[in-house]
$ cat model_15.pdb   # PDB, C-alpha atoms, pLDDT in the B column
MODEL        1
ATOM      1  CA  MET V   1     -10.151 -15.021   5.074  1.00 53.00           C
ATOM      2  CA  VAL V   2      -8.983 -16.226   8.442  1.00 60.00           C
ATOM      3  CA  GLU V   3     -10.404 -19.422   9.974  1.00 71.00           C
ATOM      4  CA  ALA V   4     -10.176 -18.418  13.660  1.00 84.00           C
ATOM      5  CA  LEU V   5      -8.733 -15.247  15.171  1.00 91.00           C
ATOM      6  CA  LYS V   6      -6.189 -15.705  17.937  1.00 93.00           C
ATOM      7  CA  ILE V   7      -4.903 -13.143  20.402  1.00 95.00           C
ATOM      8  CA  GLY V   8      -1.235 -12.424  19.739  1.00 96.00           C
ATOM      9  CA  GLN V   9      -1.435 -13.658  16.139  1.00 95.00           C
ATOM     10  CA  HIS V  10      -0.247 -11.429  13.288  1.00 96.00           C
ATOM     11  CA  TYR V  11      -2.468 -10.790  10.268  1.00 96.00           C
ATOM     12  CA  SER V  12      -2.334  -8.731   7.075  1.00 96.00           C
ATOM     13  CA  THR V  13      -4.974  -6.090   6.442  1.00 95.00           C
ATOM     14  CA  SER V  14      -7.129  -6.526   3.345  1.00 93.00           C
ATOM     15  CA  TYR V  15      -8.008  -2.804   3.173  1.00 90.00           C
ATOM     16  CA  GLY V  16      -6.139   0.422   3.686  1.00 91.00           C
ATOM     17  CA  THR V  17      -6.859   2.266   6.948  1.00 92.00           C
ATOM     18  CA  LEU V  18      -6.914   6.040   7.351  1.00 89.00           C
ATOM     19  CA  TRP V  19      -7.054   7.428  10.899  1.00 88.00           C
ATOM     20  CA  LYS V  20      -8.577  10.785  11.805  1.00 85.00           C
ATOM     21  CA  ASP V  21      -5.127  12.150  12.691  1.00 84.00           C
ATOM     22  CA  GLY V  22      -4.043  11.498   9.079  1.00 83.00           C
ATOM     23  CA  THR V  23      -2.035   8.335   9.715  1.00 88.00           C
ATOM     24  CA  TYR V  24      -2.492   5.949   6.796  1.00 90.00           C
ATOM     25  CA  PHE V  25      -1.718   2.224   6.592  1.00 93.00           C
ATOM     26  CA  PRO V  26      -2.006   0.589   3.152  1.00 92.00           C
ATOM     27  CA  ARG V  27      -3.569  -2.798   2.531  1.00 92.00           C
ATOM     28  CA  GLY V  28      -1.131  -5.569   3.495  1.00 94.00           C
ATOM     29  CA  THR V  29      -0.032  -3.843   6.721  1.00 95.00           C
ATOM     30  CA  GLU V  30       0.832  -6.385   9.406  1.00 96.00           C
ATOM     31  CA  VAL V  31      -1.302  -5.997  12.531  1.00 97.00           C
ATOM     32  CA  THR V  32      -1.742  -8.017  15.722  1.00 97.00           C
ATOM     33  CA  VAL V  33      -4.999  -9.130  17.321  1.00 97.00           C
ATOM     34  CA  VAL V  34      -4.796  -8.076  20.977  1.00 97.00           C
ATOM     35  CA  GLY V  35      -8.359  -8.683  22.167  1.00 96.00           C
ATOM     36  CA  LEU V  36     -11.534 -10.611  21.468  1.00 94.00           C
ATOM     37  CA  HIS V  37     -14.992  -9.881  22.862  1.00 93.00           C
ATOM     38  CA  LEU V  38     -18.324 -11.494  22.008  1.00 90.00           C
ATOM     39  CA  ASP V  39     -20.153  -8.161  21.813  1.00 91.00           C
ATOM     40  CA  GLN V  40     -17.386  -5.710  20.904  1.00 90.00           C
ATOM     41  CA  GLY V  41     -15.614  -7.757  18.227  1.00 93.00           C
ATOM     42  CA  PHE V  42     -11.843  -7.965  17.957  1.00 95.00           C
ATOM     43  CA  CYS V  43      -9.122  -5.476  18.869  1.00 96.00           C
ATOM     44  CA  VAL V  44      -6.349  -4.846  16.334  1.00 96.00           C
ATOM     45  CA  ARG V  45      -2.995  -3.199  17.081  1.00 97.00           C
ATOM     46  CA  PHE V  46      -1.322  -1.307  14.247  1.00 96.00           C
ATOM     47  CA  PRO V  47       2.470  -0.869  13.959  1.00 95.00           C
ATOM     48  CA  ALA V  48       2.518   2.680  15.339  1.00 92.00           C
ATOM     49  CA  LEU V  49       2.189   4.674  18.526  1.00 90.00           C
ATOM     50  CA  GLN V  50      -0.218   7.529  19.194  1.00 85.00           C
ATOM     51  CA  ASP V  51       0.693   9.744  22.152  1.00 86.00           C
ATOM     52  CA  GLY V  52       3.122   7.038  23.287  1.00 92.00           C
ATOM     53  CA  GLU V  53       0.424   4.337  23.300  1.00 90.00           C
ATOM     54  CA  PRO V  54      -0.067   1.535  20.775  1.00 93.00           C
ATOM     55  CA  LEU V  55      -2.499   2.464  18.003  1.00 93.00           C
ATOM     56  CA  GLU V  56      -5.400   0.045  18.483  1.00 93.00           C
ATOM     57  CA  THR V  57      -9.035  -0.192  17.507  1.00 92.00           C
ATOM     58  CA  TRP V  58     -11.986  -2.473  18.087  1.00 93.00           C
ATOM     59  CA  GLU V  59     -13.492  -3.873  14.908  1.00 93.00           C
ATOM     60  CA  ASP V  60     -16.995  -5.311  14.736  1.00 93.00           C
ATOM     61  CA  TRP V  61     -17.301  -9.008  13.934  1.00 92.00           C
ATOM     62  CA  SER V  62     -18.844  -8.020  10.588  1.00 92.00           C
ATOM     63  CA  GLU V  63     -15.385  -6.631   9.662  1.00 90.00           C
ATOM     64  CA  VAL V  64     -13.548  -9.956  10.073  1.00 91.00           C
ATOM     65  CA  ASP V  65     -12.734  -9.913   6.332  1.00 91.00           C
ATOM     66  CA  PHE V  66     -10.438  -6.974   7.188  1.00 92.00           C
ATOM     67  CA  LEU V  67      -7.874  -9.576   8.283  1.00 95.00           C
ATOM     68  CA  ALA V  68      -6.065 -12.183   6.195  1.00 93.00           C
ATOM     69  CA  GLU V  69      -3.282 -14.683   6.730  1.00 93.00           C
ATOM     70  CA  PRO V  70       0.089 -12.951   7.302  1.00 92.00           C
ATOM     71  CA  GLY V  71       1.843 -12.094   4.061  1.00 90.00           C
ATOM     72  CA  SER V  72      -1.107 -13.145   1.899  1.00 93.00           C
ATOM     73  CA  VAL V  73      -2.157  -9.626   0.853  1.00 92.00           C
ATOM     74  CA  GLU V  74      -0.183  -7.686  -1.705  1.00 87.00           C
ATOM     75  CA  PRO V  75       0.269  -3.973  -1.047  1.00 83.00           C
ATOM     76  CA  PRO V  76      -1.577  -1.714  -3.492  1.00 82.00           C
ATOM     77  CA  PRO V  77       0.165  -1.216  -6.841  1.00 80.00           C
ATOM     78  CA  ARG V  78      -0.005   2.570  -6.479  1.00 80.00           C
ATOM     79  CA  PRO V  79      -0.615   4.971  -3.602  1.00 80.00           C
ATOM     80  CA  LEU V  80      -4.034   6.517  -3.078  1.00 81.00           C
ATOM     81  CA  SER V  81      -4.605   9.728  -4.970  1.00 82.00           C
ATOM     82  CA  ARG V  82      -4.511  13.002  -3.094  1.00 84.00           C
ATOM     83  CA  ALA V  83      -8.169  13.563  -4.028  1.00 85.00           C
ATOM     84  CA  VAL V  84      -9.268  10.283  -2.415  1.00 85.00           C
ATOM     85  CA  LEU V  85      -7.224  10.970   0.724  1.00 84.00           C
ATOM     86  CA  ALA V  86      -8.575  14.527   0.925  1.00 84.00           C
ATOM     87  CA  GLU V  87     -12.167  13.277   0.605  1.00 85.00           C
ATOM     88  CA  ALA V  88     -11.586  10.618   3.274  1.00 86.00           C
ATOM     89  CA  ARG V  89      -9.966  13.154   5.606  1.00 86.00           C
ATOM     90  CA  ASP V  90     -12.948  15.444   5.071  1.00 86.00           C
ATOM     91  CA  VAL V  91     -15.285  12.624   6.107  1.00 84.00           C
ATOM     92  CA  LEU V  92     -13.190  12.007   9.232  1.00 87.00           C
ATOM     93  CA  SER V  93     -12.844  15.688  10.145  1.00 84.00           C
ATOM     94  CA  GLU V  94     -16.121  15.682  12.076  1.00 82.00           C
ATOM     95  CA  ALA V  95     -15.650  12.214  13.584  1.00 80.00           C
ATOM     96  CA  GLU V  96     -14.526  11.534  17.139  1.00 79.00           C
ATOM     97  CA  ASP V  97     -10.814  11.233  17.884  1.00 75.00           C
ATOM     98  CA  GLY V  98      -9.546   7.733  17.238  1.00 72.00           C
ATOM     99  CA  CYS V  99     -11.973   7.125  14.367  1.00 83.00           C
ATOM    100  CA  HIS V 100     -10.771   5.550  11.146  1.00 86.00           C
ATOM    101  CA  LEU V 101     -11.954   4.475   7.715  1.00 83.00           C
ATOM    102  CA  HIS V 102     -11.186   1.332   5.760  1.00 84.00           C
ATOM    103  CA  LEU V 103     -10.423   2.147   2.132  1.00 83.00           C
ATOM    104  CA  ASP V 104     -10.408  -0.298  -0.776  1.00 78.00           C
ATOM    105  CA  GLU V 105      -7.365   0.914  -2.679  1.00 74.00           C
ATOM    106  CA  ASP V 106      -8.382  -0.978  -5.818  1.00 69.00           C
ATOM    107  CA  GLU V 107     -11.490   1.186  -6.144  1.00 58.00           C
ATOM    108  CA  ALA V 108      -9.784   4.488  -5.314  1.00 50.00           C
TER     109      ALA V 108
ENDMDL
END
$ encode --input "model_15.pdb" --output "structure tokens"
Amino acid sequence: MVEALKIGQHYSTSYGTLWKDGTYFPRGTEVTVVGLHLDQGFCVRFPALQDGEPLETWEDWSEVDFLAEPGSVEPPPRPLSRAVLAEARDVLSEAEDGCHLHLDEDEA
């Protein structure tokens, strides 16, 4: 767990993240905090572009355990199964654009 989030600081993700468009980032992906807001939470930038713009999302403060010290999270030992990804994509199919799910790869 991180003691205090800082804008511009890099962190490792403690969960995998699947975006509605199908983009998947495994646990251990390095992200950057690019915004903090008392009500909205914290904004995380992923290492990808979507329509030429950085791929970012606001996370609620209750999701702060999503971030860990850089390099402290090992990537998953095996990729997610096709069945798990298909089920997650099905869940996201009716969500708004830009939505994503956090997936615990150890349980999948």
$ residues_around --input "model_15.pdb" --residues "Leu38 (chain V)" --least-positions-apart "5" --cutoff "12 Å" --atoms "only C-alpha atoms" --output "MDAnalysis selection string"
chainID V and resid 43 58:62
$ atom_distance --input "model_15.pdb" --atom1 "CA of Leu67 (chain V)" --atom2 "CA of Lys6 (chain V)"
11.6 Å
$ atom_distance --input "model_15.pdb" --atom1 "CA of Pro75 (chain V)" --atom2 "CA of Gly28 (chain V)"
5.0 Å
$ closest_residue --input "model_15.pdb" --among "V:Asp39, V:Glu105, V:Gly52, V:Lys20" --to "Glu74 (chain V)" --atoms "all atoms listed in the file"
V:Glu105
$ closest_residue --input "model_15.pdb" --among "V:Thr57, V:Tyr24, V:Glu3, V:Leu36" --to "Asp97 (chain V)" --atoms "all atoms listed in the file"
V:Thr57
$ residues_near_point --input "model_15.pdb" --point "(-9.0, -1.8, 21.3)" --cutoff "12 Å" --atoms "only C-alpha atoms" --output "list in words"
Thr32, Val33, Val34, Gly35, Leu36, His37, Gln40, Gly41, Phe42, Cys43, Val44, Arg45, Phe46, Glu53, Pro54, Leu55, Glu56, Thr57, Trp58, Glu59, Asp60, Gly98 and Cys99 of chain V
$ decode --input "model_15.pdb" --residues "region 37-63 of chain V" --atoms "N, CA, C and O atoms" --output "mmCIF file, in the first residue's frame"
data_model
loop_
_atom_site.group_PDB
_atom_site.id
_atom_site.type_symbol
_atom_site.label_atom_id
_atom_site.label_comp_id
_atom_site.auth_asym_id
_atom_site.auth_seq_id
_atom_site.Cartn_x
_atom_site.Cartn_y
_atom_site.Cartn_z
ATOM 1 N N HIS V 37 -8.486 14.608 -6.212
ATOM 2 C CA HIS V 37 -9.657 15.426 -5.922
ATOM 3 C C HIS V 37 -10.327 14.855 -4.680
ATOM 4 O O HIS V 37 -10.520 13.637 -4.576
ATOM 5 N N LEU V 38 -10.687 15.710 -3.744
ATOM 6 C CA LEU V 38 -11.293 15.240 -2.498
ATOM 7 C C LEU V 38 -12.533 14.391 -2.733
ATOM 8 O O LEU V 38 -12.732 13.370 -2.083
ATOM 9 N N ASP V 39 -13.390 14.797 -3.655
ATOM 10 C CA ASP V 39 -14.634 14.070 -3.900
ATOM 11 C C ASP V 39 -14.500 12.986 -4.973
ATOM 12 O O ASP V 39 -15.095 11.919 -4.857
ATOM 13 N N GLN V 40 -13.743 13.267 -6.020
ATOM 14 C CA GLN V 40 -13.649 12.340 -7.145
ATOM 15 C C GLN V 40 -12.644 11.218 -6.931
ATOM 16 O O GLN V 40 -12.743 10.183 -7.572
ATOM 17 N N GLY V 41 -11.653 11.399 -6.107
ATOM 18 C CA GLY V 41 -10.630 10.383 -5.901
ATOM 19 C C GLY V 41 -9.339 10.778 -6.585
ATOM 20 O O GLY V 41 -8.923 11.931 -6.554
ATOM 21 N N PHE V 42 -8.711 9.806 -7.237
ATOM 22 C CA PHE V 42 -7.425 10.060 -7.892
ATOM 23 C C PHE V 42 -7.496 9.616 -9.348
ATOM 24 O O PHE V 42 -8.179 8.653 -9.683
ATOM 25 N N CYS V 43 -6.789 10.339 -10.207
ATOM 26 C CA CYS V 43 -6.789 10.048 -11.636
ATOM 27 C C CYS V 43 -5.496 9.331 -11.996
ATOM 28 O O CYS V 43 -4.403 9.785 -11.656
ATOM 29 N N VAL V 44 -5.640 8.191 -12.681
ATOM 30 C CA VAL V 44 -4.507 7.349 -13.056
ATOM 31 C C VAL V 44 -4.378 7.332 -14.572
ATOM 32 O O VAL V 44 -5.360 7.149 -15.286
ATOM 33 N N ARG V 45 -3.140 7.500 -15.049
ATOM 34 C CA ARG V 45 -2.856 7.422 -16.489
ATOM 35 C C ARG V 45 -2.144 6.100 -16.779
ATOM 36 O O ARG V 45 -1.111 5.800 -16.197
ATOM 37 N N PHE V 46 -2.716 5.349 -17.711
ATOM 38 C CA PHE V 46 -2.131 4.080 -18.138
ATOM 39 C C PHE V 46 -1.171 4.314 -19.302
ATOM 40 O O PHE V 46 -1.263 5.334 -19.984
ATOM 41 N N PRO V 47 -0.274 3.365 -19.562
ATOM 42 C CA PRO V 47 0.727 3.537 -20.627
ATOM 43 C C PRO V 47 0.171 3.217 -22.018
ATOM 44 O O PRO V 47 0.643 2.316 -22.700
ATOM 45 N N ALA V 48 -0.864 3.932 -22.417
ATOM 46 C CA ALA V 48 -1.473 3.728 -23.730
ATOM 47 C C ALA V 48 -2.258 4.968 -24.120
ATOM 48 O O ALA V 48 -2.589 5.796 -23.277
ATOM 49 N N LEU V 49 -2.547 5.058 -25.404
ATOM 50 C CA LEU V 49 -3.378 6.135 -25.925
ATOM 51 C C LEU V 49 -4.690 5.547 -26.427
ATOM 52 O O LEU V 49 -4.728 4.423 -26.915
ATOM 53 N N GLN V 50 -5.754 6.329 -26.310
ATOM 54 C CA GLN V 50 -7.051 5.955 -26.858
ATOM 55 C C GLN V 50 -7.533 7.145 -27.679
ATOM 56 O O GLN V 50 -7.721 8.237 -27.139
ATOM 57 N N ASP V 51 -7.682 6.951 -28.969
ATOM 58 C CA ASP V 51 -8.045 8.032 -29.889
ATOM 59 C C ASP V 51 -7.055 9.187 -29.789
ATOM 60 O O ASP V 51 -7.433 10.365 -29.824
ATOM 61 N N GLY V 52 -5.780 8.867 -29.625
ATOM 62 C CA GLY V 52 -4.726 9.876 -29.574
ATOM 63 C C GLY V 52 -4.577 10.581 -28.240
ATOM 64 O O GLY V 52 -3.738 11.455 -28.083
ATOM 65 N N GLU V 53 -5.404 10.217 -27.265
ATOM 66 C CA GLU V 53 -5.370 10.832 -25.934
ATOM 67 C C GLU V 53 -4.871 9.807 -24.913
ATOM 68 O O GLU V 53 -5.113 8.611 -25.067
ATOM 69 N N PRO V 54 -4.202 10.278 -23.856
ATOM 70 C CA PRO V 54 -3.771 9.335 -22.825
ATOM 71 C C PRO V 54 -4.961 8.591 -22.218
ATOM 72 O O PRO V 54 -6.031 9.176 -22.036
ATOM 73 N N LEU V 55 -4.777 7.312 -21.941
ATOM 74 C CA LEU V 55 -5.822 6.499 -21.338
ATOM 75 C C LEU V 55 -5.790 6.731 -19.828
ATOM 76 O O LEU V 55 -4.842 6.343 -19.144
ATOM 77 N N GLU V 56 -6.803 7.420 -19.327
ATOM 78 C CA GLU V 56 -6.864 7.815 -17.922
ATOM 79 C C GLU V 56 -8.224 7.469 -17.339
ATOM 80 O O GLU V 56 -9.216 7.379 -18.063
ATOM 81 N N THR V 57 -8.250 7.315 -16.027
ATOM 82 C CA THR V 57 -9.508 7.090 -15.332
ATOM 83 C C THR V 57 -9.427 7.633 -13.918
ATOM 84 O O THR V 57 -8.357 7.672 -13.324
ATOM 85 N N TRP V 58 -10.577 8.052 -13.408
ATOM 86 C CA TRP V 58 -10.684 8.462 -12.017
ATOM 87 C C TRP V 58 -11.042 7.236 -11.203
ATOM 88 O O TRP V 58 -11.955 6.487 -11.560
ATOM 89 N N GLU V 59 -10.330 7.025 -10.125
ATOM 90 C CA GLU V 59 -10.599 5.938 -9.196
ATOM 91 C C GLU V 59 -11.080 6.543 -7.880
ATOM 92 O O GLU V 59 -10.532 7.534 -7.415
ATOM 93 N N ASP V 60 -12.068 5.915 -7.278
ATOM 94 C CA ASP V 60 -12.581 6.350 -5.991
ATOM 95 C C ASP V 60 -11.521 6.102 -4.916
ATOM 96 O O ASP V 60 -10.699 5.182 -5.024
ATOM 97 N N TRP V 61 -11.568 6.921 -3.872
ATOM 98 C CA TRP V 61 -10.598 6.763 -2.781
ATOM 99 C C TRP V 61 -10.642 5.371 -2.176
ATOM 100 O O TRP V 61 -9.638 4.884 -1.658
ATOM 101 N N SER V 62 -11.782 4.690 -2.252
ATOM 102 C CA SER V 62 -11.874 3.332 -1.706
ATOM 103 C C SER V 62 -11.020 2.341 -2.500
ATOM 104 O O SER V 62 -10.772 1.229 -2.046
ATOM 105 N N GLU V 63 -10.545 2.748 -3.684
ATOM 106 C CA GLU V 63 -9.724 1.896 -4.547
ATOM 107 C C GLU V 63 -8.229 2.184 -4.406
ATOM 108 O O GLU V 63 -7.430 1.759 -5.233
#
